[in-house]
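Source file: coords-v1.txt. Holds: compact mmCIF, C-alpha atoms.
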```txt
# COMPACT_ATOMS: atom_id res chain seq x y z
CA MET R 24 157.87 -127.42 -96.15
CA LYS R 25 159.16 -127.20 -99.75
CA LYS R 26 157.55 -130.56 -100.57
CA SER R 27 154.19 -129.32 -99.22
CA ILE R 28 154.33 -126.16 -101.31
CA ALA R 29 155.26 -128.15 -104.40
CA TYR R 30 152.32 -130.51 -103.82
CA ILE R 31 149.88 -127.64 -103.51
CA LEU R 32 151.18 -125.97 -106.67
CA THR R 33 150.93 -129.23 -108.61
CA LEU R 34 147.35 -129.77 -107.43
CA PHE R 35 146.44 -126.19 -108.36
CA LEU R 36 147.85 -126.58 -111.87
CA CYS R 37 145.97 -129.83 -112.39
CA LEU R 38 142.68 -128.24 -111.36
CA THR R 39 143.10 -125.11 -113.44
CA ALA R 40 144.09 -127.18 -116.43
CA CYS R 41 140.61 -128.56 -116.65
CA ASP R 42 138.17 -127.18 -119.20
CA ASP R 43 136.46 -124.03 -117.90
CA ASN R 44 133.15 -125.29 -119.25
CA THR R 45 132.01 -127.78 -116.58
CA GLY R 46 128.29 -127.28 -117.10
CA SER R 47 127.90 -130.58 -118.94
CA LEU R 48 130.14 -132.56 -116.62
CA GLY R 49 127.21 -134.33 -114.89
CA SER R 50 125.14 -135.01 -118.00
CA SER R 51 128.17 -136.18 -119.98
CA ILE R 52 128.38 -139.33 -117.90
CA VAL R 53 124.60 -140.06 -118.14
CA PRO R 54 123.45 -142.01 -121.20
CA ASP R 55 121.08 -140.04 -123.43
CA HIS R 56 118.28 -142.57 -122.96
CA ASP R 57 118.45 -142.10 -119.15
CA ALA R 58 118.46 -138.28 -119.13
CA ILE R 59 115.54 -136.56 -117.35
CA SER R 60 113.65 -133.84 -119.18
CA ILE R 61 111.53 -131.24 -117.43
CA ASP R 62 108.73 -129.38 -119.14
CA THR R 63 105.67 -127.35 -118.27
CA ALA R 64 102.16 -127.66 -119.64
CA THR R 65 98.93 -125.73 -119.29
CA TYR R 66 95.51 -127.33 -118.86
CA TRP R 67 92.09 -125.84 -118.34
CA ALA R 68 89.47 -126.62 -115.69
CA THR R 69 85.80 -125.69 -115.88
CA THR R 70 83.72 -124.32 -113.01
CA LYS R 71 80.09 -123.74 -112.13
CA SER R 72 78.03 -122.58 -109.14
CA ILE R 73 76.04 -125.20 -107.25
CA ALA R 74 73.17 -124.58 -104.83
CA VAL R 75 73.60 -125.83 -101.27
CA ASP R 76 70.49 -127.04 -99.49
CA SER R 77 72.13 -127.16 -96.06
CA VAL R 78 75.42 -127.79 -94.27
CA LEU R 79 76.42 -129.38 -90.99
CA GLY R 80 75.43 -126.81 -88.36
CA LYS R 81 78.18 -127.63 -85.85
CA THR R 82 79.86 -124.38 -84.88
CA ASN R 83 81.38 -122.47 -82.00
CA LYS R 84 78.87 -119.66 -82.63
CA VAL R 85 75.12 -119.38 -83.01
CA TYR R 86 73.29 -116.83 -85.13
CA LEU R 87 70.13 -114.79 -84.62
CA GLY R 88 68.30 -112.31 -86.82
CA ARG R 89 66.97 -111.58 -90.28
CA PHE R 90 68.55 -109.91 -93.29
CA THR R 91 67.33 -109.19 -96.82
CA ASP R 92 70.03 -110.10 -99.33
CA PRO R 93 70.47 -107.20 -101.80
CA GLN R 94 71.92 -109.61 -104.39
CA THR R 95 68.87 -111.85 -104.52
CA GLY R 96 66.12 -110.05 -102.63
CA SER R 97 65.59 -113.12 -100.44
CA ILE R 98 65.22 -112.93 -96.69
CA LEU R 99 67.69 -114.94 -94.61
CA GLU R 100 66.37 -116.00 -91.22
CA ALA R 101 68.81 -117.24 -88.57
CA ASP R 102 67.88 -118.78 -85.23
CA PHE R 103 69.15 -121.57 -83.01
CA ILE R 104 68.60 -124.25 -80.39
CA THR R 105 70.84 -124.29 -77.35
CA GLN R 106 71.33 -126.54 -74.36
CA PHE R 107 73.35 -125.69 -71.26
CA ASN R 108 76.25 -127.02 -69.27
CA CYS R 109 76.53 -126.80 -65.51
CA GLN R 110 79.37 -126.58 -63.04
CA GLU R 111 80.18 -130.25 -62.61
CA ASP R 112 80.64 -131.64 -59.12
CA GLY R 113 80.37 -128.18 -57.60
CA ASP R 114 78.04 -126.18 -55.35
CA VAL R 115 75.61 -124.76 -57.89
CA PHE R 116 73.46 -122.92 -55.37
CA PRO R 117 74.42 -121.88 -51.80
CA ASP R 118 72.41 -123.13 -48.85
CA ASN R 119 71.45 -119.68 -47.58
CA ILE R 120 69.09 -118.53 -50.33
CA LEU R 121 66.32 -116.29 -49.08
CA GLY R 122 63.07 -118.18 -49.36
CA ASP R 123 64.67 -120.82 -51.58
CA SER R 124 63.40 -118.90 -54.59
CA ALA R 125 64.97 -117.12 -57.51
CA VAL R 126 64.96 -113.32 -57.73
CA LYS R 127 65.40 -113.07 -61.50
CA VAL R 128 66.12 -115.29 -64.50
CA GLU R 129 67.50 -114.17 -67.85
CA LEU R 130 69.00 -115.62 -70.98
CA CYS R 131 71.98 -113.49 -72.06
CA LEU R 132 73.36 -113.68 -75.60
CA TYR R 133 76.92 -112.35 -75.82
CA PHE R 134 78.33 -111.35 -79.19
CA THR R 135 81.46 -109.71 -80.54
CA ASN R 136 80.33 -109.22 -84.13
CA TYR R 137 77.14 -108.76 -86.09
CA PHE R 138 76.14 -108.11 -89.68
CA GLY R 139 73.87 -105.26 -90.69
CA ASP R 140 72.53 -102.13 -89.01
CA PRO R 141 73.14 -101.77 -85.24
CA ASN R 142 70.06 -99.53 -85.01
CA ASN R 143 67.49 -101.93 -86.46
CA THR R 144 64.71 -102.93 -84.11
CA MET R 145 64.65 -106.72 -83.91
CA THR R 146 62.44 -109.11 -81.94
CA ALA R 147 63.41 -112.50 -80.52
CA GLU R 148 61.19 -115.14 -78.93
CA VAL R 149 62.29 -117.91 -76.55
CA TYR R 150 60.57 -121.30 -76.41
CA GLU R 151 61.20 -124.16 -74.01
CA LEU R 152 62.31 -127.42 -75.58
CA GLU R 153 60.22 -130.54 -75.15
CA LYS R 154 62.80 -132.77 -76.84
CA THR R 155 66.56 -132.51 -76.56
CA LEU R 156 69.28 -132.66 -79.17
CA GLN R 157 70.88 -136.10 -79.16
CA GLU R 158 74.56 -136.94 -78.97
CA GLY R 159 75.76 -138.65 -82.12
CA GLU R 160 73.10 -137.07 -84.32
CA ARG R 161 74.18 -134.75 -87.13
CA TYR R 162 72.15 -131.57 -87.26
CA TYR R 163 72.18 -129.65 -90.52
CA THR R 164 71.18 -126.02 -90.96
CA ASN R 165 67.79 -126.95 -92.41
CA LEU R 166 66.64 -128.66 -89.20
CA ASP R 167 63.00 -128.32 -88.23
CA PRO R 168 62.71 -126.67 -84.79
CA THR R 169 59.11 -127.89 -84.41
CA GLN R 170 60.57 -131.36 -83.76
CA PHE R 171 61.96 -129.99 -80.50
CA TYR R 172 59.32 -127.55 -79.22
CA ASN R 173 55.56 -127.13 -79.35
CA GLU R 174 54.91 -124.55 -82.07
CA ASP R 175 51.39 -123.98 -80.68
CA SER R 176 52.73 -122.93 -77.30
CA LYS R 177 53.25 -119.32 -76.29
CA PRO R 178 56.85 -118.11 -76.01
CA LEU R 179 58.41 -118.02 -72.56
CA ALA R 180 59.62 -114.51 -73.35
CA THR R 181 59.75 -111.92 -76.11
CA LYS R 182 62.54 -109.37 -76.40
CA VAL R 183 62.79 -106.27 -78.59
CA TYR R 184 66.43 -105.27 -79.05
CA THR R 185 69.04 -103.54 -81.19
CA ALA R 186 72.63 -104.63 -81.71
CA THR R 187 73.78 -101.48 -79.93
CA ASP R 188 72.25 -101.20 -76.48
CA TYR R 189 71.30 -97.52 -76.21
CA THR R 190 70.09 -97.95 -72.64
CA LEU R 191 73.78 -97.89 -71.67
CA GLU R 192 75.88 -94.76 -71.27
CA ASP R 193 78.34 -93.92 -74.03
CA SER R 194 81.22 -94.41 -71.61
CA GLU R 195 80.12 -98.00 -71.01
CA LEU R 196 79.60 -98.72 -74.69
CA ASP R 197 83.09 -97.40 -75.44
CA ASP R 198 84.70 -99.34 -72.62
CA PRO R 199 87.04 -101.96 -74.15
CA GLU R 200 85.94 -104.36 -71.40
CA HIS R 201 82.28 -104.07 -72.44
CA TYR R 202 80.92 -107.31 -73.92
CA PRO R 203 77.87 -106.53 -76.09
CA ASN R 204 74.87 -108.65 -75.22
CA VAL R 205 71.12 -109.06 -75.45
CA CYS R 206 69.59 -110.23 -72.17
CA ILE R 207 66.10 -111.72 -72.35
CA PRO R 208 64.13 -111.87 -69.05
CA LEU R 209 62.58 -115.31 -68.45
CA PRO R 210 59.90 -116.31 -65.90
CA THR R 211 61.31 -116.36 -62.38
CA LYS R 212 59.63 -119.70 -61.70
CA ILE R 213 62.25 -121.34 -63.95
CA GLY R 214 64.97 -120.41 -61.46
CA THR R 215 62.88 -121.33 -58.43
CA LYS R 216 62.21 -124.77 -59.87
CA MET R 217 65.95 -125.26 -60.43
CA ILE R 218 66.72 -124.37 -56.82
CA GLU R 219 64.05 -126.80 -55.62
CA LEU R 220 65.48 -129.60 -57.79
CA TYR R 221 68.96 -128.84 -56.47
CA ARG R 222 67.72 -129.21 -52.91
CA LYS R 223 65.98 -132.45 -53.88
CA ASP R 224 68.86 -134.17 -55.70
CA LYS R 225 72.22 -132.55 -56.35
CA ASP R 226 73.06 -135.39 -58.70
CA TYR R 227 70.82 -133.69 -61.28
CA PHE R 228 73.53 -131.01 -61.42
CA SER R 229 76.56 -133.32 -61.42
CA ASN R 230 77.11 -133.16 -65.18
CA ALA R 231 75.64 -131.73 -68.36
CA SER R 232 73.76 -134.91 -69.30
CA ASN R 233 71.91 -135.13 -65.97
CA PHE R 234 71.21 -131.40 -66.02
CA ILE R 235 69.70 -131.54 -69.52
CA GLU R 236 67.67 -134.66 -68.76
CA HIS R 237 66.24 -133.69 -65.37
CA VAL R 238 66.47 -129.91 -65.05
CA CYS R 239 66.55 -127.92 -68.30
CA LYS R 240 66.23 -129.40 -71.78
CA GLY R 241 67.20 -126.10 -73.39
CA TYR R 242 65.60 -123.35 -75.49
CA TYR R 243 64.79 -122.46 -79.04
CA VAL R 244 65.56 -118.79 -79.74
CA LYS R 245 63.58 -117.60 -82.73
CA ALA R 246 63.98 -114.54 -84.95
CA ALA R 247 60.40 -113.28 -84.75
CA GLN R 248 60.36 -109.80 -86.31
CA GLY R 249 62.62 -107.16 -87.77
CA ASP R 250 65.00 -107.10 -90.71
CA GLY R 251 68.55 -105.96 -91.35
CA THR R 252 70.66 -107.37 -88.49
CA ILE R 253 72.10 -110.79 -87.65
CA LEU R 254 74.03 -111.34 -84.42
CA TYR R 255 77.07 -113.65 -84.35
CA ILE R 256 76.63 -114.98 -80.81
CA ASP R 257 79.72 -116.27 -79.01
CA GLN R 258 77.93 -117.58 -75.95
CA ALA R 259 74.41 -118.10 -74.59
CA VAL R 260 74.24 -117.95 -70.78
CA LEU R 261 71.27 -118.81 -68.56
CA ARG R 262 71.54 -116.77 -65.35
CA ILE R 263 69.66 -117.64 -62.15
CA TYR R 264 69.67 -114.76 -59.62
CA PHE R 265 69.08 -115.27 -55.88
CA GLN R 266 69.36 -113.27 -52.64
CA ASP R 267 71.62 -114.13 -49.71
CA VAL R 268 69.77 -114.55 -46.40
CA GLU R 269 72.37 -112.86 -44.23
CA SER R 270 73.81 -110.12 -46.40
CA GLY R 271 70.83 -109.48 -48.64
CA THR R 272 73.14 -109.25 -51.66
CA ILE R 273 72.02 -110.50 -55.07
CA SER R 274 74.19 -113.16 -56.71
CA TRP R 275 73.75 -115.35 -59.73
CA THR R 276 74.70 -118.78 -61.03
CA PRO R 277 75.46 -119.21 -64.76
CA PHE R 278 74.58 -122.16 -66.96
CA VAL R 279 76.47 -121.78 -70.22
CA GLY R 280 75.84 -122.99 -73.73
CA THR R 281 79.28 -124.32 -74.65
CA GLU R 282 80.81 -126.70 -77.17
CA GLU R 283 80.59 -129.44 -74.54
CA VAL R 284 76.81 -129.45 -75.02
CA LEU R 285 74.88 -129.45 -78.27
CA GLN R 286 73.81 -126.33 -80.10
CA ALA R 287 72.23 -126.21 -83.55
CA ASN R 288 71.87 -123.37 -86.03
CA ARG R 289 68.95 -123.02 -88.41
CA PHE R 290 69.04 -120.90 -91.55
CA GLU R 291 66.08 -120.39 -93.82
CA THR R 292 65.97 -118.63 -97.18
CA ASN R 293 64.10 -118.95 -100.44
CA LYS R 294 66.41 -121.12 -102.56
CA GLU R 295 64.55 -120.14 -105.73
CA THR R 296 66.00 -116.64 -105.42
CA LEU R 297 69.50 -118.11 -105.85
CA LYS R 298 68.70 -119.45 -109.33
CA PRO R 299 69.84 -116.31 -111.23
CA LEU R 300 73.24 -116.57 -109.51
CA ILE R 301 73.49 -120.30 -110.15
CA ASP R 302 72.70 -119.74 -113.83
CA ASP R 303 75.15 -116.84 -114.22
CA ASN R 304 77.78 -118.23 -116.59
CA SER R 305 80.02 -115.16 -116.44
CA CYS R 306 81.46 -116.25 -113.09
CA THR R 307 80.85 -118.55 -110.14
CA TYR R 308 79.83 -117.73 -106.57
CA LEU R 309 80.76 -118.55 -103.02
CA LYS R 310 77.91 -117.50 -100.77
CA THR R 311 77.36 -118.25 -97.09
CA PRO R 312 75.67 -119.34 -94.95
CA ALA R 313 74.65 -122.55 -96.74
CA ALA R 314 73.84 -121.02 -100.11
CA ILE R 315 76.29 -121.47 -103.02
CA PHE R 316 79.56 -123.35 -103.50
CA THR R 317 81.76 -123.59 -106.61
CA GLU R 318 82.27 -126.94 -108.34
CA VAL R 319 85.45 -127.50 -110.36
CA THR R 320 85.86 -130.17 -113.05
CA LEU R 321 89.53 -131.00 -113.49
CA PRO R 322 90.90 -132.15 -116.90
CA ILE R 323 92.31 -135.34 -115.39
CA ASP R 324 92.12 -137.36 -118.64
CA GLU R 325 94.20 -134.80 -120.51
CA ILE R 326 96.78 -134.43 -117.77
CA MET R 327 97.22 -138.17 -117.28
CA ALA R 328 97.35 -138.89 -121.04
CA ASN R 329 101.01 -137.88 -120.89
CA GLU R 330 103.15 -140.60 -119.34
CA ALA R 331 105.42 -138.08 -117.62
CA SER R 332 105.44 -137.79 -113.84
CA ILE R 333 103.64 -134.80 -112.40
CA ASN R 334 105.99 -132.84 -110.16
CA SER R 335 103.60 -130.02 -109.33
CA ALA R 336 100.31 -128.53 -110.43
CA LYS R 337 99.17 -125.05 -109.49
CA ILE R 338 95.67 -123.61 -109.66
CA SER R 339 94.28 -120.31 -108.40
CA PHE R 340 90.85 -118.66 -108.34
CA ASP R 341 90.66 -114.91 -108.85
CA CYS R 342 87.97 -112.86 -107.10
CA TYR R 343 86.00 -110.03 -108.65
CA ASN R 344 85.70 -106.79 -106.70
CA GLU R 345 82.08 -105.88 -105.96
CA PRO R 346 80.79 -102.36 -106.63
CA ALA R 347 80.34 -100.32 -103.45
CA ASP R 348 76.64 -99.71 -104.07
CA SER R 349 75.26 -101.29 -100.93
CA LYS R 350 75.10 -99.90 -97.43
CA PHE R 351 76.26 -103.24 -96.04
CA GLN R 352 78.89 -105.03 -98.08
CA PHE R 353 79.25 -108.77 -97.69
CA GLY R 354 82.64 -109.92 -96.52
CA ILE R 355 84.90 -112.17 -98.58
CA PRO R 356 85.30 -115.73 -97.23
CA GLN R 357 88.71 -115.73 -95.62
CA ALA R 358 89.40 -119.46 -95.80
CA LEU R 359 88.56 -122.00 -98.45
CA LEU R 360 88.50 -125.79 -98.41
CA MET R 361 89.10 -127.58 -101.70
CA VAL R 362 87.76 -131.12 -101.32
CA HIS R 363 86.85 -133.99 -103.62
CA LYS R 364 83.12 -133.82 -104.30
CA ASP R 365 82.52 -137.30 -102.89
CA GLU R 366 83.80 -136.04 -99.52
CA MET R 367 82.10 -132.64 -99.33
CA HIS R 368 79.80 -133.85 -96.52
CA THR R 369 81.79 -136.63 -94.85
CA PHE R 370 84.83 -134.35 -94.46
CA PHE R 371 82.88 -132.37 -91.85
CA GLU R 372 80.86 -135.24 -90.42
CA LYS R 373 84.05 -137.16 -89.63
CA ASN R 374 85.92 -134.08 -88.34
CA LYS R 375 88.70 -134.56 -90.88
CA LEU R 376 91.76 -132.40 -91.41
CA THR R 377 93.17 -131.61 -94.84
CA ASP R 378 95.59 -134.24 -96.11
CA ASN R 379 96.85 -132.52 -99.31
CA ILE R 380 95.60 -135.52 -101.25
CA SER R 381 91.81 -135.28 -101.49
CA SER R 382 91.50 -132.04 -99.51
CA TYR R 383 93.43 -128.76 -99.43
CA TYR R 384 93.20 -125.52 -97.47
CA SER R 385 93.85 -121.96 -98.61
CA THR R 386 93.33 -118.47 -97.24
CA HIS R 387 92.34 -115.40 -99.20
CA ASN R 388 95.32 -113.55 -100.66
CA SER R 389 94.27 -109.93 -100.21
CA THR R 390 97.23 -108.61 -102.21
CA TYR R 391 96.21 -110.40 -105.39
CA ASN R 392 92.55 -110.95 -104.40
CA ARG R 393 92.59 -114.68 -105.04
CA TYR R 394 92.75 -118.14 -103.51
CA GLU R 395 95.88 -120.09 -104.45
CA TYR R 396 96.72 -123.80 -104.28
CA SER R 397 100.41 -124.16 -105.04
CA ASN R 398 100.55 -127.92 -105.66
CA ILE R 399 97.59 -130.23 -106.24
CA ALA R 400 99.61 -132.95 -107.98
CA ARG R 401 98.52 -135.58 -105.46
CA LEU R 402 94.87 -134.55 -105.94
CA ILE R 403 95.19 -135.23 -109.67
CA THR R 404 96.57 -138.69 -108.95
CA TYR R 405 93.81 -139.29 -106.40
CA CYS R 406 91.08 -138.29 -108.86
CA TRP R 407 92.60 -140.58 -111.50
CA SER R 408 92.39 -143.47 -109.05
CA LYS R 409 88.66 -142.78 -108.54
CA ARG R 410 87.68 -143.09 -112.19
CA GLY R 411 85.10 -145.82 -112.69
CA GLU R 412 84.15 -145.67 -109.00
CA SER R 413 82.20 -142.42 -108.92
CA PRO R 414 80.40 -140.18 -111.43
CA ASP R 415 82.13 -137.24 -109.72
CA TRP R 416 85.61 -138.77 -109.89
CA ASN R 417 87.12 -135.66 -111.55
CA LYS R 418 85.23 -133.02 -109.56
CA ILE R 419 86.17 -130.95 -106.53
CA VAL R 420 84.21 -128.37 -104.55
CA LEU R 421 85.31 -125.05 -103.06
CA ILE R 422 83.73 -124.52 -99.62
CA PRO R 423 84.16 -121.49 -97.32
CA VAL R 424 85.30 -122.69 -93.90
CA THR R 425 86.43 -121.52 -90.49
CA ALA R 426 89.63 -123.11 -89.16
CA ILE R 427 89.58 -123.92 -85.43
CA THR R 428 93.03 -123.67 -83.83
CA ASP R 429 94.53 -124.72 -80.50
CA SER R 430 96.79 -122.77 -78.14
CA ASN R 431 99.75 -123.46 -80.46
CA ASN R 432 97.84 -122.02 -83.41
CA SER R 433 97.66 -125.46 -85.01
CA ILE R 434 94.47 -126.26 -86.90
CA VAL R 435 92.46 -128.91 -85.04
CA ASN R 436 89.13 -128.72 -86.87
CA PHE R 437 87.33 -127.24 -89.85
CA ARG R 438 83.76 -126.00 -89.80
CA HIS R 439 81.50 -124.41 -92.34
CA ASP R 440 81.67 -120.63 -92.46
CA LEU R 441 78.16 -119.61 -91.34
CA SER R 442 78.69 -115.85 -91.35
CA LEU R 443 77.31 -113.66 -94.15
CA ASN R 444 79.88 -113.68 -96.94
CA SER R 445 79.71 -113.54 -100.72
CA VAL R 446 82.27 -113.37 -103.51
CA ARG R 447 82.30 -113.85 -107.29
CA LEU R 448 85.08 -115.96 -108.75
CA ALA R 449 86.48 -115.88 -112.27
CA GLY R 450 85.21 -118.91 -114.10
CA GLY R 451 82.02 -120.11 -115.69
CA GLN R 452 82.47 -119.56 -119.41
CA ASP R 453 86.10 -118.57 -118.74
CA ARG R 454 88.11 -121.66 -117.92
CA ILE R 455 90.60 -121.83 -115.03
CA ARG R 456 94.26 -122.46 -115.83
CA ILE R 457 96.27 -125.27 -114.26
CA ARG R 458 100.06 -125.03 -114.62
CA VAL R 459 101.71 -128.44 -114.50
CA ILE R 460 105.44 -129.19 -114.23
CA ARG R 461 106.31 -132.68 -115.51
CA SER R 462 109.41 -134.82 -115.65
CA SER R 463 110.23 -137.87 -117.73
CA PHE R 464 113.18 -139.98 -118.90
CA ASN R 465 114.19 -139.49 -122.51
```

Serialized structure, structure tokens:
Amino acid sequence: MKKSIAYILTLFLCLTACDDNTGSLGSSIVPDHDAISIDTATYWATTKSIAVDSVLGKTNKVYLGRFTDPQTGSILEADFITQFNCQEDGDVFPDNILGDSAVKVELCLYFTNYFGDPNNTMTAEVYELEKTLQEGERYYTNLDPTQFYNEDSKPLATKVYTATDYTLEDSELDDPEHYPNVCIPLPTKIGTKMIELYRKDKDYFSNASNFIEHVCKGYYVKAAQGDGTILYIDQAVLRIYFQDVESGTISWTPFVGTEEVLQANRFETNKETLKPLIDDNSCTYLKTPAAIFTEVTLPIDEIMANEASINSAKISFDCYNEPADSKFQFGIPQALLMVHKDEMHTFFEKNKLTDNISSYYSTHNSTYNRYEYSNIARLITYCWSKRGESPDWNKIVLIPVTAITDSNNSIVNFRHDLSLNSVRLAGGQDRIRIRVIRSSFN
């Protein structure tokens, strides 16, 4: 026991005899020429607004309506083409339909959100497609609907509506289970023909492809009249109503426009009205749908002129608050994709995810009213590797997006934000700061 205590005391004295200043212990055994130095540097990027002719129209929503932009005075028109899915390998219609005919047919557009005035009187027209959307084709938001329907034909139906359905009681409108919708009556013969085709060959209803080819090619829903409201439609449903022979009850079969079948959005606006915003050098703009993005030119040459390694590089984009002088304020894009300019189209066409090399994702920081990218060091290296290959080797683009998530809240896809949003970013004549942390051997 005494030997153990003596050993401990000796060890304690040896340790405490050391110099109290141990801060240089590690560096003292490293040669000066091998020591690593860390420093920070500031560089400046330039930005400008760029006009967007169109974007890939793939989305989980479709849009309908018309709205006059108070910023530009231009009228935005939104309409869409939809095809329908069917209940695969199931009994679409029962055998005991009275008279084998439909009682009623309607196209119902269900929406959770809209932009504008819920009291505006709007008019929609529905046209039958003569040509279908094709799998594998990429449909942008400037598509020409006349390629799919006969513009000289009369509409199948016309519907006057408001976003708030005042034909319903207040109790129903306030019911949390109420799903706002606009239902457009269609000719009953459409449903009767479907029932006849089902009796003739049920294989026409075995899958979406057969249904679209043999039964219903789909519809073009056009914003015909009105101004001030655009619906953000979650789902378009074609309902075929029929009467039971025995009970006399009315039932219906739904055919739903889903992501399993093709839908295409069309947006039309006068691009000339965007020119004053594009030319505004006091800031840059992000404006959706399919209007203005912000292009950023990174000072890659300056950053890479130093032989030090880049540990991190941070860049952020501050937003300007808009004056509350409009009845309907545009929203701020909630998510932003930063992507190399060469990939601004292929990123979406190839259903890519951000890789933190040539593409980055950020959400709006409401506390500081900005978009932040904490480390784009790998982007700088990537851009440097592109020099000589592309005239846009040192350029990136900021694009408002919607992130699609799975049941685990993991992002599985990015799509263009097609809702009505607009925000001004600091930039233009005022350069954007990039903070770089570098390391190098002495």

Subject >> Pairwise distance for atom CA of Ile120 of chain R and atom CA of Glu151 of chain R, rounded to one decimal in Å >> reply: 25.6 Å

**OP:** Do a neighbour search on Ile323 of chain R at 8 Å with all atoms listed in the file, toss out local chain neighbours closer than 4 positions, and write the hits as a list in words.
**Re:** Met327, Ile403, Cys406, Trp407 and Asn417 of chain R

Subject >> Surrounding residues of Glu318 of chain R excluding itself and chain neighbours under 2 positions, 8 Å, all atoms listed in the file, as a list in words >> reply: Thr70, Lys71, Ser72, Ile73, Phe316, Thr320, Lys418, Ile419, Val420 and Leu421 of chain R

**OP:** Pick out the residues sitting within 10 Å of Ile315 of chain R, and hand them over as number ranges by chain; count all atoms listed in the file, and ignore anything fewer than 6 positions along from it in its own chain.
**Re:** R: 72-77, 294, 297, 300-301, 307-309, 421-423, 445

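We find atom CA of Ser397 of chain R and atom CA of Ala336 of chain R to be spaced 6.9 Å apart.
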
Subject >> atom CA of Glu325 of chain R to atom CA of Trp67 of chain R, distance in Å rounded to a single decimal >> reply: 9.5 Å

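For the choices R:Val149, R:Tyr189, R:Ile380, R:Tyr227, the atom-to-atom distance to Asn173 of chain R is smallest for R:Val149 when using only C-alpha atoms.
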
**OP:** Using all atoms listed in the file, pick whichever of R:Asp378, R:Gly159, R:Asp197, R:Ile457 has the shortest atom-to-atom distance to Ile326 of chain R.
**Re:** R:Ile457

Contact residues around Gln110 of chain R with only C-alpha atoms at 10 Å, ignoring same-chain residues under 5 positions, as a PDB file with C-alpha atoms, in the frame of the given file:
```
ATOM      1  CA  VAL R 115      75.610-124.760 -57.890  1.00  0.00           C
ATOM      2  CA  PHE R 228      73.530-131.010 -61.420  1.00  0.00           C
ATOM      3  CA  SER R 229      76.560-133.320 -61.420  1.00  0.00           C
ATOM      4  CA  ASN R 230      77.110-133.160 -65.180  1.00  0.00           C
ATOM      5  CA  ALA R 231      75.640-131.730 -68.360  1.00  0.00           C
ATOM      6  CA  PHE R 234      71.210-131.400 -66.020  1.00  0.00           C
ATOM      7  CA  THR R 276      74.700-118.780 -61.030  1.00  0.00           C
ATOM      8  CA  PRO R 277      75.460-119.210 -64.760  1.00  0.00           C
ATOM      9  CA  PHE R 278      74.580-122.160 -66.960  1.00  0.00           C
ATOM     10  CA  VAL R 279      76.470-121.780 -70.220  1.00  0.00           C
TER      11      VAL R 279
END
```

Original post:
What's the 12 Å shell around Thr63 of chain R, counting only C-alpha atoms, without same-chain residues fewer than 3 positions away, as a ChimeraX atom specification?
Top reply: /R:60,66,326,329,331-337,457-463

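The closest residue to Thr181 of chain R, picked from R:Thr169, R:Gln248, R:Gln106, R:Thr317 and counting all atoms listed in the file, is R:Gln248.
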
Where does segment 204-257 of chain R meet segment 128-136 of chain R within 6 Å, residue by residue, with the nearest atom pair and distance in Å to one decimal for each, counting only C-alpha atoms, listed by chain and rising number, as a Markdown table?
```
| residue | atom | partner | partner_atom | distance |
| --- | --- | --- | --- | --- |
| R:Asn204 | CA | R:Tyr133 | CA | 4.3 |
| R:Val205 | CA | R:Leu132 | CA | 5.1 |
| R:Cys206 | CA | R:Cys131 | CA | 4.0 |
| R:Ile207 | CA | R:Leu130 | CA | 5.0 |
| R:Pro208 | CA | R:Glu129 | CA | 4.3 |
| R:Leu209 | CA | R:Glu129 | CA | 5.1 |
| R:Thr211 | CA | R:Val128 | CA | 5.4 |
| R:Tyr255 | CA | R:Asn136 | CA | 5.5 |
| R:Ile256 | CA | R:Phe134 | CA | 4.3 |
| R:Asp257 | CA | R:Phe134 | CA | 5.1 |
```

Subject >> Proximity to His363 of chain R - best of R:Thr390, R:Thr95, R:Ser124, R:Ser413, only C-alpha atoms >> reply: R:Ser413
